[in-house]
Amino acid sequence: MAPETMLQEAQDKSTTKGAQTVARPKGDGVKRDSQTPSTPSKPGPGMRSDSFVFGIPQNGLEHIEREVPVSEPPPLPQNSELTYVGKPTVRYDGPAKATGKGKYTADVHLPGMLYARMVDATIPHGRIVSIDTSAAEKLPGVRAVHVIEHVYGVSELRDPKLETPSRYPIVRYAGQPIAGIAATTQQIADDAAKLVKVQYDTMPFVVERNAARSPDAPVVFPGPADAAGSAGGGGGPKDVPQKGNVHGPQRRLKGDPEKGFADADAVVEAEYFTQVQTHSALETHGFVVDWKPEEVTVYASTQGTSSVRNEFADVFKLPKSKVRVITEYMGGGFGAKFGAGNEGVVAANLSRKANAPVRLMLDRRQEHIVSNRPDSHQKLKIGAKRDGTLTAIQLTSYGTAGVGTGAGTAGPATNLYKCDNLLTEEYDVFINAGPGAAFRAPGHPQGCFAFEQAIDELAVKLKMDPLVLRDKIDESPARRVERQVILERTNWRNRREAGADSGPIKRGMGIAQSVWYRFVNMNSSCEVRVSRDGSVELMSAVQDLGTGTKTILAQIVGEEFGIPPAQVVVRIGDTRYPIGPDSGGSITAGSITPAVRNAAYQARQQLFAAVAPALGTTADNLAMQGGRVVLKNDAGKSYTLKQVTAKLPTDEISARATRAPEYSKDRLTYGGVDYVELAVDTETGRVHIEKVFGAHDCGRPINPTGVISQINGGILQGISYALFEQRIMDPKAGYMLNANLENYKILGAREVPEIEIALVENYIAQSSTDAAGIGESAGIITLAAAIGNAFYNATGVRIRKIPMTPANVLAALGKAQPEVEA
Amino acid sequence: MADAPKMEFSRRGFLKGAGITAASTVIESANALARDAKDGLSGPQAVGPDAIPIKLRINGQEHAVTVEPRYTLAQTLRDNLEMTGTKVVCDRGSCSACTVWIDKTPALACMTLAVDAVGREITTIEGLSHGETMHPVQAAFVKHDAMQCGFCTPGMVMSCAALLERNPNPKLSDVKHAVSGNLCRCGTYPKVFAATLDAAQQRGQIADLVTLNTGTERYDGA
Ligand code: FES
Ligand code: FES
């Protein structure tokens with residue numbers, strides 16, 4: 001379920017999807033970082049009242065009373081008073097990654113393992129008449145062939161009867177999976193894949209959003225169709241009207257926009273265009289499946305071991321207890337890797353048929369087709385009073401998620417600033433192309449590109465400094481501090497009039513802001529073990545996508561036991577351990593860290609209780625201080641952890657904890673403010689990003705080093721999106737022309753600007769750690785808009801279309817025709 | 001419309017794919033390529049299509065392996081020898097994830113046939129560290145957190161370590177140049193630059209400095 005989608009659904013109450021409680025911001029867009037401490041009443045049964053550090057250090061920290069379950073550990077003080085939490089910490093698995101020892105799914109070798117290749121459709125639309133696998137089967141070394149009966153991850157007709165039944169799934173995009181082949185070597189599997197003969201009955205197709213909206217365009221689905229979301233998002237609204245290929249609108253109305261515009265002193269209105277972006281994770285989607293009657297073992301390159309287990313159990317009608325999913329290292333996901341996927345289902349079928357483990361990794365072309373960030377065509381209108389107060393916002397967006405849905409862009413317009421009158425209408429447009437999927441802050445980079453440029457345009461019209469306008473309309477205390485940091489630490493005060501440079505190279509600066517939401521997944525559990533020899537282990541099924549989850553968990557356990565994080569053994573990414581949250585929507589750190597701290601705390605309490613008699617004291621007289629176990633009533637006496645565990649009456653103690661509910665019902669958001677300096681070469685149309693300064697908050701940062709790495713990455717992915725990346729479809733042949741890494745350009749080392757990051761601590765008193773993820777609000781949302789605003793400041797011209805390739809830049813400057821018809 | 005052709009075509013894809021029917025021709029081309037590049041094997045000599053035994057010298061050790069002549073070095077390392085530190089990302093020369101050294105020079109293992117690496121000295125990421133002691137560049141990568149998912153990291157490390165071999169005092173622009181072909185989707189470049197420059201300055205010392213629980217980065221928070 002897309003976090004963005006969640007916001008668009010029924011407002012105002014927490015939604016429960018399975019056990020996943022989502023703390024959602026109010027859809028009225030008003031409620032943001034709630035900083036109003038609620039007055040505590042007398043604690044209910046099983047609860048206690050406690051005082052938590054609260055607020056942003058720059059504004060002066062306060063304390064706030066919260067009622068929490070008695071089993072919760074004592075409140076953590078602010079980071080500056082802690083030993084390991086909040087301190088820059090070396091990545092737990094850094095050496096394994098730097099030395100090439102980390103085993104990714106693509107690296108898994110099992111005895112007797114076969115290698116597989118996916119066969120996919122070579123046409124964009126049609127019926128499969130026949131599939132002849134006989135030649136492939138005869139090739140020596142081929143062990144199993146599996147022809148797909150159902151395609152997962154795409155929209156499905158509400159009424160399947162609208163389509164004549166067909167033995168094979170209808171092909172709706174070039175690259176749609178058809179079959180899989182397993183062989184003793186990858187070469188043989190690849191050779192055999194080429195020998196599969198598929199006969200098609202072709203149908204008319206359309207691969208461009210604009211063309212697909214036309215009433216006489218070929219239809220991708222013969223009737224209304226909807227896509228289910230993944231654990232990481234994707235999927236659009238259901239039960240909306242559909243005409244031809246146009247699915248929607250998802251409509252949301254608040255107040256009276258018409259009146260709002262009538263009351264406005266200034267109105268800005270424009271159209272914006274964004275392109276399709278592919279995930280391009282370096283490790284492609286893939287699985288190693290070892291199907292045994294007693295247990296199916298699945299090595300998955302996934303963002304959610306739980307989501308994979310659930311879908312395998314679902315698809316193969318297996319009890320979950322017979323599916324084990326392992327993800328030790330994974331080479332990037334960015335939202336696209338949840339569940340079994342077609343490749344997982346095929347690998348499992350092949351393994352079952354061949355009675356051997358099978359490795360199936362997509363090839364690079366397939367990776368570019370399997371998922372993407374939808375494009376957009378947005379019409380945006382904003383009205384404001386002379387003092388900046390927003391009076392009305394109206395957004396209409398069309399976007400294509402190929403054969404999927406989920407191209408909405410209204411998140412920023414709805415949730416960034418206060419505005420009483422709002423109308424948003426979001427349409428999905430089906431085309432014959434691979435399905436969209438969740439991609440780092442679904443909908444937000446697109447929405448922000450339009451919305452934050454429009455806010456800037458409004459500032460120009462109102463003759464206000466863009467930072468000052470945002471001070472007026474933005475209620476988020478964190479972003480207020482972040483704007484102040486930007487004002488103090490960048491060149492903003494020296495900002496010039498738009499288009500001030502007279503030569504061909506024009507320099508400018510701009511900012512943009514992001515909003516993201518605090519989501520919590522209650523499927524977050526952990527076990528902590530302590531052995532008599534003093535060793536400490538933590539276990540959870542949660543996975544580390546490269547965000548540094550292992551490291552922050554080690555820090556939290558280390559803090560409780562007074563041992564360096566590196567001494568904690570972290571075992572995660574295996575569903576044999578207690579369940580972990582799927583990593584989508586920046587959910588992981590905020591969900592799993594409280595469970596880990598609680599388990600560690602409880603294990604420590606058990607340890608104290610078990611050893612107190614041997615130490616001649618009572619458990620409540622023992623405490624952890626400066627890395628040693630101390631007697632509270634005898635300052636002179638202290639022990640190392642090892643000395644204490646040596647007194648354990650049993651070899652091992654362990655404790656298990658599950659995420660406690662949020663301490664308050666406040667619906668919180670996070671955000672960032674990013675500042676860009678750039679130069680536009682108005683003769684060549686090239687845009688050079690020279691400097692980025694990002695100010696961001698993510699609750700209590702657990703490992704600033706990892707947070708900064710993620711923000712660097714978000715910023716660079718954002719620049720890449722703004723300047724370079726673009727899926728190009730061949731309208732005549734109907735397939736993606738640049739499904740590779742040489743023609744699908746992503747940012748490289750030479751395009752990296754100087755980057756500076758400021759982290760703003762934001763204590764929210766919501767859990768035993770107050771941690772939060774940073775993946776979404778890390779810069780990917782803002783950069784295209786910030787670059788657009790800086791482009792305007794440099795040239796005096798608004799650029800409303802990305803990517804800002806030389807051709808699109810020259811077109812914006814009135815010097816050439818646009819590169820691709822939008 | 002039956003058995004429509006694959007959507008993409010590459011020379012090496014052709015070399016690999018054609019192996020079923022026309023391998024001997026292929027091997028001649030492969031050798032010709034190698035000769036173009038440097039000297040290669042002594043002359044056109046038809047081998048294949050069946051697997052042939054070859055010996056590869058990897059990280060100072062001789063490895064006997066039987067591979068079809070169309071196998072790339074990357075695949076041979078990963079699938080046959082289970083040395084999976086070398087990653088394959090694009091399999092066609094556009095990302096540098098598979099960077100190894102051949103005779104001390106960075107080379108793309110996905111664009112090198114295993115048979116063409118015979119007689120050469122191959123260094124992989126596994127050969128860069130010695131036991132528990134990391135190469136200074138590896139240690140600096142850890143110290144500076146120059147990795148996120150880590151899938152590009154072995155290739156990055158090989159490119160940066162090679163840079164320091166040929167230029168012990170690189171400038172930032174030299175590092176950018178050295179990794180200009182190495183794609184990182186996680187966007188870890190700034191720290192790759194910092195790590196490599198640091199490794200150059202502290203050659204030989206960092207390995208000892210790095211322990212897992214020390215952070216060195218400046219924390220910009222309040
Ligand atoms: S895998 Fe060799 S260059 Fe990409
Ligand atoms: S660290 Fe993930 S691709 Fe570079």
# chains A, B, ... in the order shown; residues from 1 in each chain; ligands from 1

call {"tool": "residues_near_ligand", "arguments": {"ligand": "ligand 2", "cutoff": "9 Å", "atoms": "only C-alpha atoms and all ligand atoms", "output": "compact mmCIF listing (two decimals) with N, CA and C atoms, in the first residue's frame"}}
result
# COMPACT_ATOMS: atom_id res chain seq x y z
N ALA A 281 18.40 -0.45 -9.39
CA ALA A 281 19.22 -0.97 -8.30
C ALA A 281 20.34 -1.81 -8.92
N LEU A 282 21.53 -1.76 -8.31
CA LEU A 282 22.64 -2.45 -8.97
C LEU A 282 22.48 -3.97 -8.92
N GLU A 283 21.96 -4.48 -7.83
CA GLU A 283 21.61 -5.90 -7.85
C GLU A 283 20.20 -6.00 -8.43
N MET A 330 21.73 -7.05 0.53
CA MET A 330 20.95 -6.83 -0.68
C MET A 330 21.41 -5.56 -1.37
N GLY A 331 21.46 -5.65 -2.71
CA GLY A 331 22.09 -4.60 -3.50
C GLY A 331 21.15 -3.53 -3.99
N GLY A 332 20.36 -2.95 -3.09
CA GLY A 332 19.52 -1.81 -3.44
C GLY A 332 18.12 -2.23 -3.86
N LEU A 545 18.86 -2.89 3.82
CA LEU A 545 18.96 -2.66 2.38
C LEU A 545 20.22 -1.94 1.99
N GLY A 546 21.03 -1.60 3.00
CA GLY A 546 22.18 -0.76 2.74
C GLY A 546 22.00 0.56 3.47
N GLY A 713 22.80 10.15 -0.75
CA GLY A 713 22.24 9.32 -1.81
C GLY A 713 20.93 9.87 -2.35
N ALA B 97 31.18 -2.31 -12.19
CA ALA B 97 31.01 -3.09 -10.95
C ALA B 97 31.94 -4.30 -10.93
N ALA B 146 31.99 4.70 2.97
CA ALA B 146 31.91 4.89 1.52
C ALA B 146 31.13 3.75 0.87
N MET B 147 30.00 3.40 1.47
CA MET B 147 29.17 2.33 0.91
C MET B 147 27.81 2.39 1.56
N GLN B 148 26.83 1.96 0.81
CA GLN B 148 25.52 1.77 1.42
C GLN B 148 25.11 0.31 1.16
N CYS B 149 24.44 0.05 0.04
CA CYS B 149 24.11 -1.36 -0.20
C CYS B 149 25.38 -2.17 -0.42
N GLY B 150 26.42 -1.52 -0.92
CA GLY B 150 27.70 -2.19 -1.06
C GLY B 150 27.89 -2.96 -2.36
N PHE B 151 26.92 -2.92 -3.23
CA PHE B 151 27.02 -3.74 -4.44
C PHE B 151 28.04 -3.16 -5.43
N CYS B 152 28.20 -1.85 -5.41
CA CYS B 152 29.20 -1.24 -6.29
C CYS B 152 30.57 -1.23 -5.64
N THR B 153 30.62 -1.52 -4.33
CA THR B 153 31.82 -1.26 -3.54
C THR B 153 33.07 -2.01 -4.02
N MET B 156 34.37 -0.21 -7.00
CA MET B 156 34.87 1.11 -6.59
C MET B 156 36.26 0.97 -5.95
N ASN B 182 32.40 4.01 -12.65
CA ASN B 182 31.79 3.17 -11.61
C ASN B 182 30.45 3.74 -11.17
N LEU B 183 29.38 3.06 -11.51
CA LEU B 183 28.07 3.55 -11.10
C LEU B 183 27.77 3.14 -9.66
N CYS B 184 27.16 4.07 -8.93
CA CYS B 184 26.67 3.76 -7.59
C CYS B 184 25.26 4.31 -7.49
N ARG B 185 24.28 3.45 -7.42
CA ARG B 185 22.89 3.90 -7.39
C ARG B 185 22.52 4.47 -6.02
N CYS B 186 23.24 4.05 -4.99
CA CYS B 186 22.94 4.58 -3.66
C CYS B 186 23.50 5.98 -3.47
N GLY B 187 24.34 6.43 -4.39
CA GLY B 187 24.86 7.80 -4.29
C GLY B 187 25.89 8.00 -3.19
N THR B 188 26.86 7.11 -3.15
CA THR B 188 27.86 7.15 -2.09
C THR B 188 29.13 7.89 -2.52
N TYR B 189 29.11 8.45 -3.72
CA TYR B 189 30.32 9.06 -4.27
C TYR B 189 31.08 10.01 -3.33

call {"tool": "residues_around", "arguments": {"residues": "Val142 of chain B", "least_positions_apart": "2", "cutoff": "8 Å", "atoms": "only C-alpha atoms", "output": "PyMOL selection string"}}
result
(chain A and resi 90-91+94-95+98) or (chain B and resi 138-140+144-147+210)

call {"tool": "select_by_dssp", "arguments": {"residues": "segment 503-751 of chain A", "states": "helix (DSSP H, G or I)", "output": "PyMOL selection string"}}
result
chain A and resi 549-561+565-567+588-611+619-621+641-645+704-723+749-751

call {"tool": "residues_near_ligand", "arguments": {"ligand": "ligand 1", "cutoff": "10 Å", "atoms": "only C-alpha atoms and all ligand atoms", "output": "ChimeraX atom specification"}}
result
/A:282,364,741-742 /B:72-75,86-100,107-112,152,155,181-183

call {"tool": "select_by_dssp", "arguments": {"residues": "segment 378-444 of chain A", "states": "strand (DSSP E or B)", "output": "number ranges by chain"}}
result
A: 378-384, 390-399, 401, 404, 422-429

call {"tool": "closest_residue", "arguments": {"among": "A:Gly671, A:Gly616, A:Gly304, A:Gly344", "to": "Ser524 of chain A", "atoms": "only C-alpha atoms"}}
result
A:Gly304

call {"tool": "residues_around", "arguments": {"residues": "segment 197-202 of chain B", "least_positions_apart": "6", "cutoff": "10 Å", "atoms": "only C-alpha atoms", "output": "list in words"}}
result
His135, Pro136, Val137, Gln138, Ala139, Ala140, Phe141, Lys143, His144, Cys160, Ala161, Leu163, Leu164, Glu165, Asn167, Pro168, Asn169, Pro170, Lys171, Leu172, Asp174, Val175 and Lys191 of chain B

call {"tool": "residues_around", "arguments": {"residues": "Ala64 of chain B", "least_positions_apart": "3", "cutoff": "10 Å", "atoms": "only C-alpha atoms", "output": "list in words"}}
result
Pro53, Ile54, Lys55, Leu56, Arg57, Gln61, Val67 and Leu81 of chain B

call {"tool": "write_last_selection", "arguments": {"atoms": "all heavy atoms", "output": "PDB file, in the first residue's frame"}}
result
ATOM      1  N   PRO B  53      39.842 -27.004 -20.458  1.00  0.00           N
ATOM      2  CA  PRO B  53      40.527 -26.715 -19.192  1.00  0.00           C
ATOM      3  C   PRO B  53      41.503 -25.548 -19.377  1.00  0.00           C
ATOM      4  O   PRO B  53      42.254 -25.528 -20.355  1.00  0.00           O
ATOM      5  CB  PRO B  53      41.268 -28.021 -18.883  1.00  0.00           C
ATOM      6  CG  PRO B  53      41.440 -28.697 -20.199  1.00  0.00           C
ATOM      7  CD  PRO B  53      40.379 -28.194 -21.140  1.00  0.00           C
ATOM      8  N   ILE B  54      41.455 -24.608 -18.486  1.00  0.00           N
ATOM      9  CA  ILE B  54      42.430 -23.521 -18.517  1.00  0.00           C
ATOM     10  C   ILE B  54      42.954 -23.304 -17.104  1.00  0.00           C
ATOM     11  O   ILE B  54      42.380 -23.810 -16.130  1.00  0.00           O
ATOM     12  CB  ILE B  54      41.834 -22.189 -19.045  1.00  0.00           C
ATOM     13  CG1 ILE B  54      40.623 -21.765 -18.198  1.00  0.00           C
ATOM     14  CG2 ILE B  54      41.465 -22.293 -20.516  1.00  0.00           C
ATOM     15  CD1 ILE B  54      40.119 -20.360 -18.514  1.00  0.00           C
ATOM     16  N   LYS B  55      44.051 -22.555 -17.037  1.00  0.00           N
ATOM     17  CA  LYS B  55      44.585 -22.202 -15.710  1.00  0.00           C
ATOM     18  C   LYS B  55      44.601 -20.687 -15.602  1.00  0.00           C
ATOM     19  O   LYS B  55      45.080 -19.993 -16.493  1.00  0.00           O
ATOM     20  CB  LYS B  55      46.005 -22.748 -15.568  1.00  0.00           C
ATOM     21  CG  LYS B  55      46.025 -24.250 -15.333  1.00  0.00           C
ATOM     22  CD  LYS B  55      47.303 -24.647 -14.606  1.00  0.00           C
ATOM     23  CE  LYS B  55      47.305 -26.126 -14.285  1.00  0.00           C
ATOM     24  NZ  LYS B  55      48.108 -26.923 -15.238  1.00  0.00           N
ATOM     25  N   LEU B  56      44.038 -20.211 -14.517  1.00  0.00           N
ATOM     26  CA  LEU B  56      44.033 -18.765 -14.292  1.00  0.00           C
ATOM     27  C   LEU B  56      44.845 -18.456 -13.042  1.00  0.00           C
ATOM     28  O   LEU B  56      44.741 -19.159 -12.032  1.00  0.00           O
ATOM     29  CB  LEU B  56      42.593 -18.258 -14.099  1.00  0.00           C
ATOM     30  CG  LEU B  56      41.672 -18.346 -15.314  1.00  0.00           C
ATOM     31  CD1 LEU B  56      40.249 -17.946 -14.928  1.00  0.00           C
ATOM     32  CD2 LEU B  56      42.183 -17.469 -16.453  1.00  0.00           C
ATOM     33  N   ARG B  57      45.640 -17.399 -13.142  1.00  0.00           N
ATOM     34  CA  ARG B  57      46.422 -16.995 -11.965  1.00  0.00           C
ATOM     35  C   ARG B  57      45.690 -15.834 -11.289  1.00  0.00           C
ATOM     36  O   ARG B  57      45.664 -14.714 -11.784  1.00  0.00           O
ATOM     37  CB  ARG B  57      47.821 -16.574 -12.404  1.00  0.00           C
ATOM     38  CG  ARG B  57      48.762 -16.528 -11.251  1.00  0.00           C
ATOM     39  CD  ARG B  57      50.222 -16.419 -11.642  1.00  0.00           C
ATOM     40  NE  ARG B  57      50.985 -16.152 -10.445  1.00  0.00           N
ATOM     41  CZ  ARG B  57      51.232 -17.048  -9.487  1.00  0.00           C
ATOM     42  NH1 ARG B  57      50.820 -18.293  -9.628  1.00  0.00           N
ATOM     43  NH2 ARG B  57      51.907 -16.716  -8.410  1.00  0.00           N
ATOM     44  N   GLN B  61      47.519 -17.097  -6.952  1.00  0.00           N
ATOM     45  CA  GLN B  61      47.362 -18.550  -6.918  1.00  0.00           C
ATOM     46  C   GLN B  61      46.837 -19.066  -8.239  1.00  0.00           C
ATOM     47  O   GLN B  61      46.017 -18.437  -8.880  1.00  0.00           O
ATOM     48  CB  GLN B  61      46.375 -18.935  -5.824  1.00  0.00           C
ATOM     49  CG  GLN B  61      47.025 -19.006  -4.473  1.00  0.00           C
ATOM     50  CD  GLN B  61      46.111 -19.613  -3.430  1.00  0.00           C
ATOM     51  OE1 GLN B  61      44.979 -20.003  -3.740  1.00  0.00           O
ATOM     52  NE2 GLN B  61      46.597 -19.679  -2.220  1.00  0.00           N
ATOM     53  N   VAL B  67      36.094 -24.253 -18.570  1.00  0.00           N
ATOM     54  CA  VAL B  67      35.020 -23.342 -18.995  1.00  0.00           C
ATOM     55  C   VAL B  67      34.863 -23.364 -20.507  1.00  0.00           C
ATOM     56  O   VAL B  67      35.817 -23.616 -21.241  1.00  0.00           O
ATOM     57  CB  VAL B  67      35.289 -21.874 -18.571  1.00  0.00           C
ATOM     58  CG1 VAL B  67      35.208 -21.720 -17.077  1.00  0.00           C
ATOM     59  CG2 VAL B  67      36.624 -21.391 -19.119  1.00  0.00           C
ATOM     60  N   LEU B  81      34.408 -20.445  -9.797  1.00  0.00           N
ATOM     61  CA  LEU B  81      35.370 -20.421  -8.693  1.00  0.00           C
ATOM     62  C   LEU B  81      34.733 -19.921  -7.391  1.00  0.00           C
ATOM     63  O   LEU B  81      35.401 -19.885  -6.359  1.00  0.00           O
ATOM     64  CB  LEU B  81      36.567 -19.549  -9.070  1.00  0.00           C
ATOM     65  CG  LEU B  81      37.346 -20.069 -10.286  1.00  0.00           C
ATOM     66  CD1 LEU B  81      38.339 -19.028 -10.796  1.00  0.00           C
ATOM     67  CD2 LEU B  81      38.070 -21.368  -9.934  1.00  0.00           C
TER      68      LEU B  81
END
